[in-house]
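Peer 1: Got a structure for you, input-v3.cif, holding mmCIF, C-alpha atoms.
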```cif
data_target
#
loop_
_atom_site.label_atom_id
_atom_site.label_comp_id
_atom_site.auth_asym_id
_atom_site.auth_seq_id
_atom_site.Cartn_x
_atom_site.Cartn_y
_atom_site.Cartn_z
CA MET A 29 140.25 128.66 125.02
CA PRO A 30 143.84 128.78 123.76
CA VAL A 31 145.99 125.84 122.70
CA LEU A 32 145.55 122.97 125.15
CA ASN A 33 148.42 122.54 127.60
CA ARG A 34 148.61 118.84 126.81
CA ALA A 35 148.76 119.59 123.08
CA ALA A 36 151.66 121.96 123.66
CA GLU A 37 153.42 119.32 125.78
CA MET A 38 152.96 116.77 122.99
CA GLN A 39 154.49 118.97 120.28
CA GLU A 40 158.02 117.58 120.41
CA VAL A 41 156.88 113.96 120.32
CA VAL A 42 154.32 114.57 117.57
CA ALA A 43 156.91 116.53 115.58
CA GLY A 44 159.12 113.45 115.80
CA TRP A 45 156.35 111.36 114.25
CA ARG A 46 155.86 113.98 111.57
CA ARG A 47 159.53 114.11 110.68
CA HIS A 48 159.71 110.33 110.52
CA LEU A 49 156.82 110.32 108.05
CA HIS A 50 158.48 113.14 106.13
CA GLU A 51 161.67 111.13 105.74
CA HIS A 52 159.75 108.13 104.40
CA PRO A 53 157.19 109.46 101.90
CA GLU A 54 154.93 107.12 99.94
CA ILE A 55 152.62 108.02 97.09
CA LEU A 56 149.05 107.22 96.06
CA TYR A 57 147.86 103.85 97.44
CA ASP A 58 151.38 102.58 98.09
CA VAL A 59 151.40 103.90 101.65
CA HIS A 60 151.95 100.56 103.38
CA GLN A 61 154.70 101.72 105.76
CA THR A 62 152.77 104.88 106.63
CA ALA A 63 149.54 102.96 107.26
CA THR A 64 151.40 100.47 109.44
CA PHE A 65 152.97 103.32 111.42
CA VAL A 66 149.53 104.89 111.93
CA ALA A 67 147.81 101.65 112.89
CA ASP A 68 150.56 100.75 115.37
CA LYS A 69 150.27 104.15 117.03
CA LEU A 70 146.47 103.88 117.28
CA ARG A 71 146.77 100.45 118.90
CA SER A 72 149.38 101.75 121.33
CA PHE A 73 147.00 104.56 122.32
CA GLY A 74 144.32 101.99 123.21
CA CYS A 75 141.84 102.77 120.45
CA ASP A 76 138.82 100.48 120.75
CA VAL A 77 138.88 99.53 117.07
CA VAL A 78 141.72 99.79 114.55
CA GLU A 79 140.73 98.72 111.05
CA THR A 80 143.20 98.61 108.16
CA GLY A 81 142.94 97.99 104.43
CA ILE A 82 139.97 100.29 103.88
CA GLY A 83 140.02 101.67 100.35
CA ARG A 84 143.07 99.43 99.82
CA THR A 85 145.41 101.06 102.37
CA GLY A 86 143.29 103.37 104.53
CA VAL A 87 143.12 103.14 108.33
CA VAL A 88 140.23 103.93 110.68
CA GLY A 89 140.46 104.07 114.46
CA ILE A 90 137.44 104.23 116.76
CA ILE A 91 137.73 105.89 120.19
CA LYS A 92 134.72 105.45 122.47
CA GLY A 93 133.88 108.11 125.02
CA ARG A 94 133.52 107.24 128.70
CA HIS A 95 130.07 108.80 129.00
CA GLY A 96 128.13 106.18 127.09
CA GLU A 97 126.65 105.74 123.64
CA GLY A 98 126.02 108.66 121.29
CA ASN A 99 126.85 110.00 117.85
CA VAL A 100 129.97 109.08 115.90
CA ILE A 101 131.89 111.87 114.18
CA GLY A 102 134.79 111.41 111.80
CA PHE A 103 138.03 113.34 111.46
CA ARG A 104 140.08 112.76 108.32
CA ALA A 105 143.80 113.13 107.49
CA ASP A 106 145.55 112.21 104.24
CA MET A 107 148.74 110.14 104.27
CA ASP A 108 150.21 110.23 100.74
CA ALA A 109 153.11 112.28 99.41
CA LEU A 110 153.93 113.67 95.96
CA PRO A 111 156.27 112.59 93.14
CA ILE A 112 158.58 115.57 93.71
CA LEU A 113 162.32 115.85 94.32
CA GLU A 114 162.58 117.70 97.64
CA THR A 115 164.86 120.73 98.01
CA SER A 116 163.89 121.90 101.51
CA GLY A 117 167.33 121.15 102.95
CA LYS A 118 165.84 120.06 106.29
CA PRO A 119 167.57 117.41 108.38
CA TRP A 120 164.49 115.24 107.89
CA THR A 121 164.46 115.61 104.09
CA SER A 122 162.96 112.71 102.15
CA LYS A 123 165.21 109.67 101.97
CA THR A 124 163.47 108.53 98.78
CA PRO A 125 164.56 110.69 95.84
CA GLY A 126 161.61 111.72 93.70
CA LYS A 127 159.07 111.43 96.50
CA ALA A 128 158.33 114.16 99.06
CA HIS A 129 155.72 115.36 101.51
CA SER A 130 155.42 118.67 99.67
CA CYS A 131 151.76 119.19 100.59
CA GLY A 132 151.96 118.63 104.35
CA HIS A 133 150.08 115.36 104.60
CA ASP A 134 152.75 114.25 107.07
CA GLY A 135 151.64 117.12 109.28
CA HIS A 136 147.96 116.31 108.83
CA THR A 137 148.59 112.69 109.82
CA ALA A 138 150.71 113.68 112.83
CA MET A 139 148.15 116.20 114.12
CA LEU A 140 145.35 113.66 113.95
CA LEU A 141 147.51 111.03 115.64
CA GLY A 142 148.23 113.53 118.41
CA ALA A 143 144.52 114.20 118.82
CA ALA A 144 143.79 110.47 118.82
CA GLN A 145 146.28 109.92 121.66
CA TYR A 146 144.77 112.76 123.69
CA LEU A 147 141.19 111.58 123.13
CA ALA A 148 142.08 107.95 123.93
CA GLU A 149 143.66 109.12 127.23
CA THR A 150 140.80 111.38 128.34
CA ARG A 151 137.65 110.05 126.60
CA ASN A 152 135.77 113.08 127.92
CA PHE A 153 132.82 112.78 125.56
CA ARG A 154 129.68 110.77 124.85
CA GLY A 155 129.65 108.66 121.69
CA SER A 156 132.67 107.90 119.54
CA VAL A 157 135.32 109.58 117.42
CA ALA A 158 136.47 107.95 114.18
CA VAL A 159 139.97 109.00 113.12
CA ILE A 160 140.28 108.44 109.37
CA PHE A 161 143.64 108.15 107.61
CA GLN A 162 143.28 107.92 103.84
CA PRO A 163 145.64 107.15 100.97
CA ALA A 164 145.83 108.63 97.49
CA GLU A 165 144.46 112.14 97.95
CA GLU A 166 146.92 113.40 95.34
CA GLY A 167 145.05 112.30 92.24
CA GLY A 168 144.06 108.77 93.25
CA ALA A 169 140.63 109.44 94.83
CA GLY A 170 141.51 107.54 98.00
CA ALA A 171 138.59 109.14 99.82
CA LEU A 172 136.20 107.70 97.24
CA ALA A 173 137.81 104.27 97.58
CA MET A 174 137.30 104.37 101.35
CA VAL A 175 133.71 105.59 101.02
CA GLU A 176 132.92 102.83 98.54
CA ASP A 177 134.30 100.29 101.02
CA GLY A 178 131.44 101.36 103.30
CA PHE A 179 133.34 102.58 106.36
CA LEU A 180 130.91 105.46 106.94
CA GLU A 181 127.96 103.09 107.24
CA LYS A 182 129.88 100.37 109.10
CA HIS A 183 130.90 102.75 111.87
CA ASN A 184 127.68 104.84 111.79
CA ILE A 185 129.60 108.06 111.20
CA SER A 186 127.15 110.97 111.12
CA GLN A 187 129.47 113.94 110.37
CA VAL A 188 132.92 114.34 108.83
CA TYR A 189 135.54 117.04 109.22
CA GLY A 190 138.80 117.67 107.40
CA MET A 191 141.73 120.07 107.71
CA HIS A 192 144.57 121.26 105.46
CA ASN A 193 147.54 123.47 106.15
CA SER A 194 147.81 126.79 104.35
CA PRO A 195 151.19 128.46 103.67
CA GLY A 196 150.93 132.23 103.98
CA LEU A 197 148.20 132.01 106.61
CA PRO A 198 149.79 132.97 109.96
CA LEU A 199 150.32 130.39 112.67
CA GLY A 200 147.30 130.12 114.94
CA GLN A 201 144.98 131.39 112.23
CA PHE A 202 142.25 129.45 110.44
CA ALA A 203 140.26 130.03 107.24
CA ILE A 204 136.95 128.59 106.14
CA ARG A 205 133.79 129.41 104.21
CA LYS A 206 130.31 128.01 103.81
CA GLY A 207 129.42 126.33 100.54
CA SER A 208 131.95 125.71 97.77
CA VAL A 209 135.42 125.96 99.28
CA MET A 210 137.45 124.01 96.67
CA ALA A 211 136.80 123.37 93.02
CA ALA A 212 135.76 120.38 90.99
CA ALA A 213 138.64 119.26 88.78
CA ASP A 214 138.10 117.69 85.37
CA THR A 215 140.63 116.87 82.67
CA PHE A 216 140.47 116.62 78.90
CA GLU A 217 142.59 115.23 76.10
CA ILE A 218 141.93 116.33 72.53
CA THR A 219 143.36 114.64 69.45
CA VAL A 220 143.14 116.81 66.33
CA THR A 221 143.53 114.84 63.11
CA GLY A 222 144.23 116.51 59.77
CA ARG A 223 146.45 115.63 56.85
CA GLY A 224 150.19 116.08 56.91
CA SER A 225 152.37 117.51 54.20
CA HIS A 226 155.69 119.23 53.56
CA ALA A 227 155.80 122.56 55.34
CA ALA A 228 156.56 124.25 52.02
CA GLN A 229 153.24 123.00 50.66
CA PRO A 230 150.68 123.85 53.35
CA HIS A 231 147.89 123.98 50.76
CA LEU A 232 148.17 120.21 50.46
CA SER A 233 147.60 119.72 54.17
CA VAL A 234 144.78 119.97 56.64
CA ASP A 235 146.94 121.56 59.27
CA PRO A 236 146.25 120.17 62.75
CA VAL A 237 148.71 122.61 64.33
CA LEU A 238 146.77 125.61 63.05
CA THR A 239 143.52 123.95 64.06
CA ALA A 240 144.85 123.25 67.55
CA GLY A 241 145.86 126.89 67.91
CA HIS A 242 142.34 128.04 67.06
CA ILE A 243 140.92 125.51 69.53
CA VAL A 244 143.09 126.93 72.33
CA VAL A 245 141.81 130.44 71.61
CA ALA A 246 138.21 129.32 71.22
CA LEU A 247 138.20 127.54 74.58
CA GLN A 248 139.06 130.78 76.37
CA SER A 249 135.76 132.24 75.20
CA ILE A 250 133.91 129.77 77.45
CA VAL A 251 135.25 131.71 80.41
CA SER A 252 135.45 135.25 79.02
CA ARG A 253 132.26 135.45 76.99
CA GLN A 254 129.95 132.56 77.85
CA THR A 255 130.04 132.25 81.64
CA ASP A 256 128.65 134.59 84.30
CA PRO A 257 131.72 136.44 85.67
CA LEU A 258 130.49 135.75 89.22
CA LYS A 259 130.53 131.98 88.63
CA SER A 260 134.16 130.88 88.77
CA LEU A 261 135.51 128.82 85.89
CA VAL A 262 139.04 128.01 84.79
CA VAL A 263 139.80 126.35 81.45
CA THR A 264 143.50 125.66 80.95
CA VAL A 265 145.21 123.99 78.01
CA ALA A 266 148.40 122.81 79.65
CA SER A 267 150.05 120.68 76.99
CA ILE A 268 150.32 120.58 73.20
CA HIS A 269 152.20 117.85 71.35
CA GLY A 270 152.53 117.44 67.61
CA GLY A 271 155.16 116.96 64.95
CA ASP A 272 158.79 115.92 65.01
CA ALA A 273 160.42 118.13 62.36
CA ASN A 274 160.49 121.84 61.54
CA ASN A 275 159.61 121.29 57.91
CA VAL A 276 156.81 118.73 58.19
CA ILE A 277 153.16 119.44 58.97
CA PRO A 278 152.05 116.45 61.08
CA ASP A 279 148.89 114.41 60.76
CA THR A 280 147.85 114.86 64.39
CA VAL A 281 148.22 117.17 67.37
CA LYS A 282 147.29 116.32 70.96
CA LEU A 283 146.16 118.86 73.56
CA GLY A 284 145.57 118.31 77.25
CA GLY A 285 144.23 120.46 80.04
CA THR A 286 141.91 120.96 82.97
CA VAL A 287 138.56 122.54 83.81
CA ARG A 288 137.90 123.89 87.32
CA THR A 289 134.46 124.93 88.59
CA LEU A 290 132.72 125.74 91.87
CA LEU A 291 129.10 125.05 90.89
CA PRO A 292 127.55 121.87 89.44
CA GLU A 293 125.67 123.81 86.74
CA THR A 294 128.88 125.58 85.65
CA ARG A 295 130.63 122.21 85.51
CA ASP A 296 127.94 120.75 83.24
CA PHE A 297 127.93 123.82 80.99
CA ALA A 298 131.72 123.92 80.66
CA GLU A 299 131.92 120.27 79.61
CA LYS A 300 129.13 120.71 77.05
CA ARG A 301 130.57 123.88 75.51
CA LEU A 302 134.13 122.55 75.42
CA LYS A 303 133.04 119.56 73.39
CA GLU A 304 130.91 121.70 71.05
CA LEU A 305 133.63 124.29 70.45
CA VAL A 306 136.33 121.70 69.82
CA GLN A 307 134.24 119.84 67.26
CA ALA A 308 133.03 123.00 65.53
CA THR A 309 136.52 124.53 65.34
CA ALA A 310 137.99 121.34 63.94
CA LEU A 311 135.22 121.11 61.37
CA ALA A 312 135.76 124.74 60.32
CA HIS A 313 139.35 123.86 59.44
CA GLY A 314 138.55 120.61 57.68
CA ALA A 315 139.96 118.49 60.51
CA THR A 316 138.40 116.12 63.02
CA ALA A 317 138.74 115.99 66.80
CA ASP A 318 138.38 113.22 69.35
CA ILE A 319 137.76 114.35 72.94
CA ALA A 320 138.35 112.34 76.10
CA TYR A 321 136.73 114.29 78.95
CA ARG A 322 137.15 112.88 82.46
CA ARG A 323 135.41 114.15 85.56
CA GLY A 324 137.65 114.20 88.59
CA TYR A 325 137.08 115.28 92.17
CA PRO A 326 133.75 117.04 92.77
CA VAL A 327 133.34 120.42 94.46
CA THR A 328 134.34 120.42 98.14
CA PHE A 329 131.17 121.77 99.72
CA ASN A 330 131.06 122.91 103.35
CA HIS A 331 127.66 122.39 104.97
CA GLU A 332 126.25 125.45 106.71
CA ALA A 333 125.62 124.23 110.28
CA GLU A 334 128.83 122.23 110.46
CA THR A 335 130.85 125.15 109.08
CA GLU A 336 129.46 127.46 111.75
CA PHE A 337 130.30 124.86 114.37
CA ALA A 338 133.86 124.37 113.08
CA THR A 339 134.33 128.14 112.95
CA GLY A 340 133.40 128.44 116.62
CA ILE A 341 135.85 125.72 117.62
CA ALA A 342 138.69 127.30 115.62
CA ALA A 343 137.97 130.68 117.26
CA LYS A 344 138.29 129.08 120.71
CA VAL A 345 141.67 127.62 119.78
CA GLY A 346 143.10 130.63 117.95
CA GLY A 347 141.45 133.41 119.92
CA PRO A 348 139.58 136.55 118.78
CA GLY A 349 140.06 137.42 115.12
CA SER A 350 141.79 134.15 114.35
CA VAL A 351 139.27 132.80 111.82
CA ASP A 352 138.65 134.14 108.33
CA THR A 353 135.08 133.01 107.69
CA ASP A 354 134.90 134.35 104.14
CA MET A 355 138.07 133.04 102.56
CA ALA A 356 138.26 133.05 98.79
CA PRO A 357 137.54 129.60 97.36
CA HIS A 358 140.51 127.58 96.15
CA MET A 359 140.38 126.49 92.51
CA GLY A 360 142.48 123.48 93.45
CA ALA A 361 140.65 120.23 94.19
CA GLU A 362 140.38 117.98 97.25
CA ASP A 363 138.96 114.46 97.42
CA PHE A 364 137.53 114.98 100.92
CA SER A 365 134.68 116.23 98.72
CA TYR A 366 133.55 112.60 98.30
CA MET A 367 133.06 112.26 102.05
CA LEU A 368 131.21 115.58 102.21
CA GLU A 369 128.86 114.31 99.50
CA ARG A 370 127.86 111.43 101.79
CA ARG A 371 127.84 113.15 105.17
CA PRO A 372 127.50 116.73 106.44
CA GLY A 373 130.70 118.34 107.58
CA ALA A 374 133.30 121.03 106.95
CA PHE A 375 136.83 121.45 105.62
CA ILE A 376 139.02 124.08 107.29
CA PHE A 377 142.48 125.53 106.61
CA ILE A 378 145.09 125.99 109.34
CA GLY A 379 147.96 128.45 109.16
CA ASN A 380 151.39 127.14 108.22
CA GLY A 381 153.07 130.54 108.50
CA ASP A 382 155.50 132.08 106.04
CA THR A 383 156.63 128.92 104.26
CA ALA A 384 157.09 127.74 100.70
CA SER A 385 153.85 127.06 98.89
CA LEU A 386 152.17 123.68 98.58
CA HIS A 387 153.60 121.35 95.91
CA ASN A 388 156.81 123.36 95.95
CA PRO A 389 160.02 121.27 96.23
CA ALA A 390 161.21 123.54 99.06
CA TYR A 391 158.01 123.17 101.13
CA ASP A 392 158.02 121.73 104.65
CA PHE A 393 155.20 121.51 107.19
CA ASN A 394 155.61 123.91 110.10
CA ASP A 395 155.79 121.94 113.34
CA GLU A 396 154.70 125.02 115.28
CA ALA A 397 151.22 124.43 113.83
CA LEU A 398 150.89 121.00 115.46
CA PRO A 399 149.47 122.13 118.84
CA TYR A 400 146.84 124.26 117.09
CA GLY A 401 145.71 121.35 114.94
CA ILE A 402 145.62 118.91 117.85
CA SER A 403 143.67 121.41 119.96
CA TYR A 404 141.18 121.98 117.13
CA TRP A 405 140.46 118.26 116.78
CA VAL A 406 140.16 117.68 120.53
CA ASN A 407 137.86 120.64 121.11
CA LEU A 408 135.75 119.66 118.11
CA ALA A 409 135.26 116.17 119.52
CA GLU A 410 134.58 117.19 123.10
CA THR A 411 132.15 119.92 122.07
CA ALA A 412 130.27 117.99 119.41
CA LEU A 413 129.97 114.98 121.70
CA ALA A 414 129.51 116.82 124.98
CA ALA A 415 128.63 114.49 127.83
#
```
As a first step, turn the structure in this file into structure tokens.
Peer 2:
Amino acid sequence: MPVLNRAAEMQEVVAGWRRHLHEHPEILYDVHQTATFVADKLRSFGCDVVETGIGRTGVVGIIKGRHGEGNVIGFRADMDALPILETSGKPWTSKTPGKAHSCGHDGHTAMLLGAAQYLAETRNFRGSVAVIFQPAEEGGAGALAMVEDGFLEKHNISQVYGMHNSPGLPLGQFAIRKGSVMAAADTFEITVTGRGSHAAQPHLSVDPVLTAGHIVVALQSIVSRQTDPLKSLVVTVASIHGGDANNVIPDTVKLGGTVRTLLPETRDFAEKRLKELVQATALAHGATADIAYRRGYPVTFNHEAETEFATGIAAKVGGPGSVDTDMAPHMGAEDFSYMLERRPGAFIFIGNGDTASLHNPAYDFNDEALPYGISYWVNLAETALAA
């Protein structure tokens, strides 16, 4: 089954919604205008329930099928933008300097709104569809906030599905894999404390700059010499700050970075070894080290049966050869992982064509992808909840 005729007919209207959202980006939980726009659309479609303020600013709409009671499945889109100055040059460029939809959440929201309108018109299924619009995916754990507000239990949602656009993946193509599809993301901050002195008298110091340099090198051994090469791990020191003058050895140096893993056991090991290596390296240089290690989003894990099901739906929409079922895992993180920890489901990628990459100031969602996304959601609902 190719793109639905109705989805193709809706493209211009849905693109208008998407471009409106693109012009008015909001970040983290401060998505009040976006949430209001979404809720108003859902009410205008005739959704049976429209609930706002979930996880602070999330929105959930419930669409009941016309064939009676049954399961409830959830489809999720993220609404928040990024703190980026847009350079796409599009007519619908962000009107708020320093904020931009540079990850395509405007497209995700528009596609799910389009599907919600279609499903509310036809209701050709048994049970209910929950359309989930969440805030604060970009670092704020909005999915966790919504889950902790209990919306999954309140609406008896039994499965959850998510979708993200993928620049470089051709239009009409999809990519997915069973198991770990996106990484857990943890952060660390290390404060190395030594003893400062004049740079001409290093023997009077306990040099935290030298110590920090050895810590950076030592941390790379966690990946290169202490972890199974087949178990993905990234340890990145992304910032180093210390000192204010070229001729003064400072008292302290601060380092910050991230750890990315695809397996829970690798995550536990990396945290343990990082702390041990930092302390031991500091001690070897006569310094001390304080470590603040924070666990972020968990691994995004696609459940086997639901992944096979989603793959079949994507193949119907895109046609033969349209689904890469063994995509390489992304070492980026995604907070839909919190929903997948509570309910079985799957996270799929949809082609955005030859566009700028995600989080790039020149990025823009490709409106030609809208009918494919709408068709995917509609077919998923009507097949999973077949009358």
Peer 1: Enter the distance from CA of Glu51 in chain A to CA of His136 in chain A, in Å, rounded to one decimal.
Peer 2: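 Atom-to-atom, CA of Glu51 in chain A and CA of His136 in chain A are spaced 15.0 Å apart.
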Peer 1: Check the smallest atom-to-atom distance from each of A:Ala298, A:Ala211, A:Tyr321, A:Val327 to Val251 in chain A using all atoms listed in the file, then report the winner.
Peer 2: A:Ala298
Peer 1: Between CA of Leu141 in chain A and CA of Phe377 in chain A, what is the distance, to one decimal in Å?
Peer 2: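 Distance reported for this atom pair: 17.8 Å.
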Peer 1: For Gln39 in chain A, which residue among A:Gly190, A:Gly135, A:Gly167, A:Gly224 is the nearest when counting only C-alpha atoms?
Peer 2: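 Of A:Gly190, A:Gly135, A:Gly167, A:Gly224, the one nearest Gln39 in chain A, counting only C-alpha atoms, is A:Gly135.
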Peer 1: Decode the PyMOL selection byres ((chain A and resi 120-129) around 6) for the given file into explicit residues and return them as an MDAnalysis selection string.
Peer 2: chainID A and resid 47 50:51 53 109:114 118:119 130:132
Peer 1: How many Å separate CA of Val209 in chain A from CA of Asn330 in chain A?
Peer 2: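 Separating CA of Val209 in chain A from CA of Asn330 in chain A is a distance of 6.7 Å.
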Peer 1: Run the PyMOL selection byres ((chain A and resi 279) around 6) on the file and write out the hits as a ChimeraX atom specification.
Peer 2: /A:221-224,278,280
Peer 1: Using only C-alpha atoms, can you tell me which of A:Asp392, A:Glu165, A:Glu304, A:Asp352 comes closest to Tyr325 in chain A?
Peer 2: A:Glu165
Peer 1: Report as a ChimeraX atom specification the full result of the PyMOL selection byres ((chain A and resi 230-238) around 12) when it is applied to this structure.
Peer 2: /A:218-229,239-245,268-271,275-283,309-317
Peer 1: Between A:Ala138, A:Val406, A:Ala384, A:Val100, which residue has the minimum interatomic distance to Phe65 in chain A, considering only C-alpha atoms?
Peer 2: A:Ala138
Peer 1: Would you please work out which residue, of A:Ile341, A:Met191, A:Leu147, A:Ile160, is nearest to Val78 in chain A when using only C-alpha atoms?
Peer 2: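 Of all the options, A:Ile160 lies closest to Val78 in chain A.
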Peer 1: Let me know the centre plus edge lengths, in Å and rounded to one decimal, of a box with edges along x, y and z that contains all listed atoms of range 175-194 of chain A and is padded by 4 Å on every side, as lines of an AutoDock Vina configuration file.
Peer 2:
```
center_x = 137.5
center_y = 113.5
center_z = 105.2
size_x = 28.7
size_y = 34.5
size_z = 21.3
```
Peer 1: Rank A:Gly347, A:Val262, A:Asp318, A:Phe393 by their smallest atom-to-atom distance to Gly381 in chain A, using all atoms listed in the file, and report the top residue only.
Peer 2: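 Nearest candidate to Gly381 in chain A out of A:Gly347, A:Val262, A:Asp318, A:Phe393: A:Phe393.
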Peer 1: Kindly output range 94-120 of chain A as an mmCIF file, keeping the file's coordinate frame, after building N, CA and C atoms.
Peer 2:
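In the end it all went to rebuild29.cif:
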```cif
data_model
loop_
_atom_site.group_PDB
_atom_site.id
_atom_site.type_symbol
_atom_site.label_atom_id
_atom_site.label_comp_id
_atom_site.auth_asym_id
_atom_site.auth_seq_id
_atom_site.Cartn_x
_atom_site.Cartn_y
_atom_site.Cartn_z
ATOM 1 N N ARG A 94 133.806 107.926 127.438
ATOM 2 C CA ARG A 94 133.520 107.240 128.700
ATOM 3 C C ARG A 94 132.157 107.602 129.266
ATOM 4 N N HIS A 95 131.373 108.390 128.508
ATOM 5 C CA HIS A 95 130.070 108.800 129.000
ATOM 6 C C HIS A 95 128.928 108.101 128.283
ATOM 7 N N GLY A 96 129.204 106.954 127.675
ATOM 8 C CA GLY A 96 128.130 106.180 127.090
ATOM 9 C C GLY A 96 127.981 106.344 125.599
ATOM 10 N N GLU A 97 126.907 105.731 125.081
ATOM 11 C CA GLU A 97 126.650 105.740 123.640
ATOM 12 C C GLU A 97 126.224 107.123 123.175
ATOM 13 N N GLY A 98 126.416 107.383 121.886
ATOM 14 C CA GLY A 98 126.020 108.660 121.290
ATOM 15 C C GLY A 98 126.403 108.679 119.834
ATOM 16 N N ASN A 99 126.499 109.857 119.266
ATOM 17 C CA ASN A 99 126.850 110.000 117.850
ATOM 18 C C ASN A 99 128.305 109.597 117.605
ATOM 19 N N VAL A 100 128.598 109.354 116.339
ATOM 20 C CA VAL A 100 129.970 109.080 115.900
ATOM 21 C C VAL A 100 130.347 110.137 114.882
ATOM 22 N N ILE A 101 131.417 110.870 115.137
ATOM 23 C CA ILE A 101 131.890 111.870 114.180
ATOM 24 C C ILE A 101 133.269 111.462 113.673
ATOM 25 N N GLY A 102 133.543 111.809 112.422
ATOM 26 C CA GLY A 102 134.790 111.410 111.800
ATOM 27 C C GLY A 102 135.712 112.569 111.495
ATOM 28 N N PHE A 103 136.989 112.371 111.780
ATOM 29 C CA PHE A 103 138.030 113.340 111.460
ATOM 30 C C PHE A 103 138.985 112.691 110.459
ATOM 31 N N ARG A 104 139.292 113.363 109.386
ATOM 32 C CA ARG A 104 140.080 112.760 108.320
ATOM 33 C C ARG A 104 141.425 113.451 108.126
ATOM 34 N N ALA A 105 142.471 112.649 107.900
ATOM 35 C CA ALA A 105 143.800 113.130 107.490
ATOM 36 C C ALA A 105 144.245 112.303 106.288
ATOM 37 N N ASP A 106 145.009 112.921 105.398
ATOM 38 C CA ASP A 106 145.550 112.210 104.240
ATOM 39 C C ASP A 106 147.004 111.835 104.505
ATOM 40 N N MET A 107 147.431 110.697 103.936
ATOM 41 C CA MET A 107 148.740 110.140 104.270
ATOM 42 C C MET A 107 149.758 110.194 103.134
ATOM 43 N N ASP A 108 149.318 110.417 101.894
ATOM 44 C CA ASP A 108 150.210 110.230 100.740
ATOM 45 C C ASP A 108 151.052 111.456 100.445
ATOM 46 N N ALA A 109 152.179 111.219 99.803
ATOM 47 C CA ALA A 109 153.110 112.280 99.410
ATOM 48 C C ALA A 109 152.990 112.535 97.910
ATOM 49 N N LEU A 110 153.952 113.279 97.370
ATOM 50 C CA LEU A 110 153.930 113.670 95.960
ATOM 51 C C LEU A 110 155.185 113.161 95.232
ATOM 52 N N PRO A 111 155.086 112.967 93.927
ATOM 53 C CA PRO A 111 156.270 112.590 93.140
ATOM 54 C C PRO A 111 157.114 113.811 92.796
ATOM 55 N N ILE A 112 157.784 114.341 93.830
ATOM 56 C CA ILE A 112 158.580 115.570 93.710
ATOM 57 C C ILE A 112 159.946 115.330 94.338
ATOM 58 N N LEU A 113 160.972 115.909 93.748
ATOM 59 C CA LEU A 113 162.320 115.850 94.320
ATOM 60 C C LEU A 113 162.456 117.003 95.314
ATOM 61 N N GLU A 114 162.568 116.681 96.588
ATOM 62 C CA GLU A 114 162.580 117.700 97.640
ATOM 63 C C GLU A 114 163.865 118.518 97.640
ATOM 64 N N THR A 115 163.706 119.839 97.912
ATOM 65 C CA THR A 115 164.860 120.730 98.010
ATOM 66 C C THR A 115 164.818 121.570 99.284
ATOM 67 N N SER A 116 164.062 121.102 100.297
ATOM 68 C CA SER A 116 163.890 121.900 101.510
ATOM 69 C C SER A 116 165.183 122.055 102.302
ATOM 70 N N GLY A 117 166.083 121.086 102.205
ATOM 71 C CA GLY A 117 167.330 121.150 102.950
ATOM 72 C C GLY A 117 167.197 120.850 104.427
ATOM 73 N N LYS A 118 166.046 120.360 104.872
ATOM 74 C CA LYS A 118 165.840 120.060 106.290
ATOM 75 C C LYS A 118 166.591 118.784 106.678
ATOM 76 N N PRO A 119 166.906 118.652 107.949
ATOM 77 C CA PRO A 119 167.570 117.410 108.380
ATOM 78 C C PRO A 119 166.716 116.171 108.137
ATOM 79 N N TRP A 120 165.413 116.355 108.102
ATOM 80 C CA TRP A 120 164.490 115.240 107.890
ATOM 81 C C TRP A 120 164.006 115.167 106.435
#
```
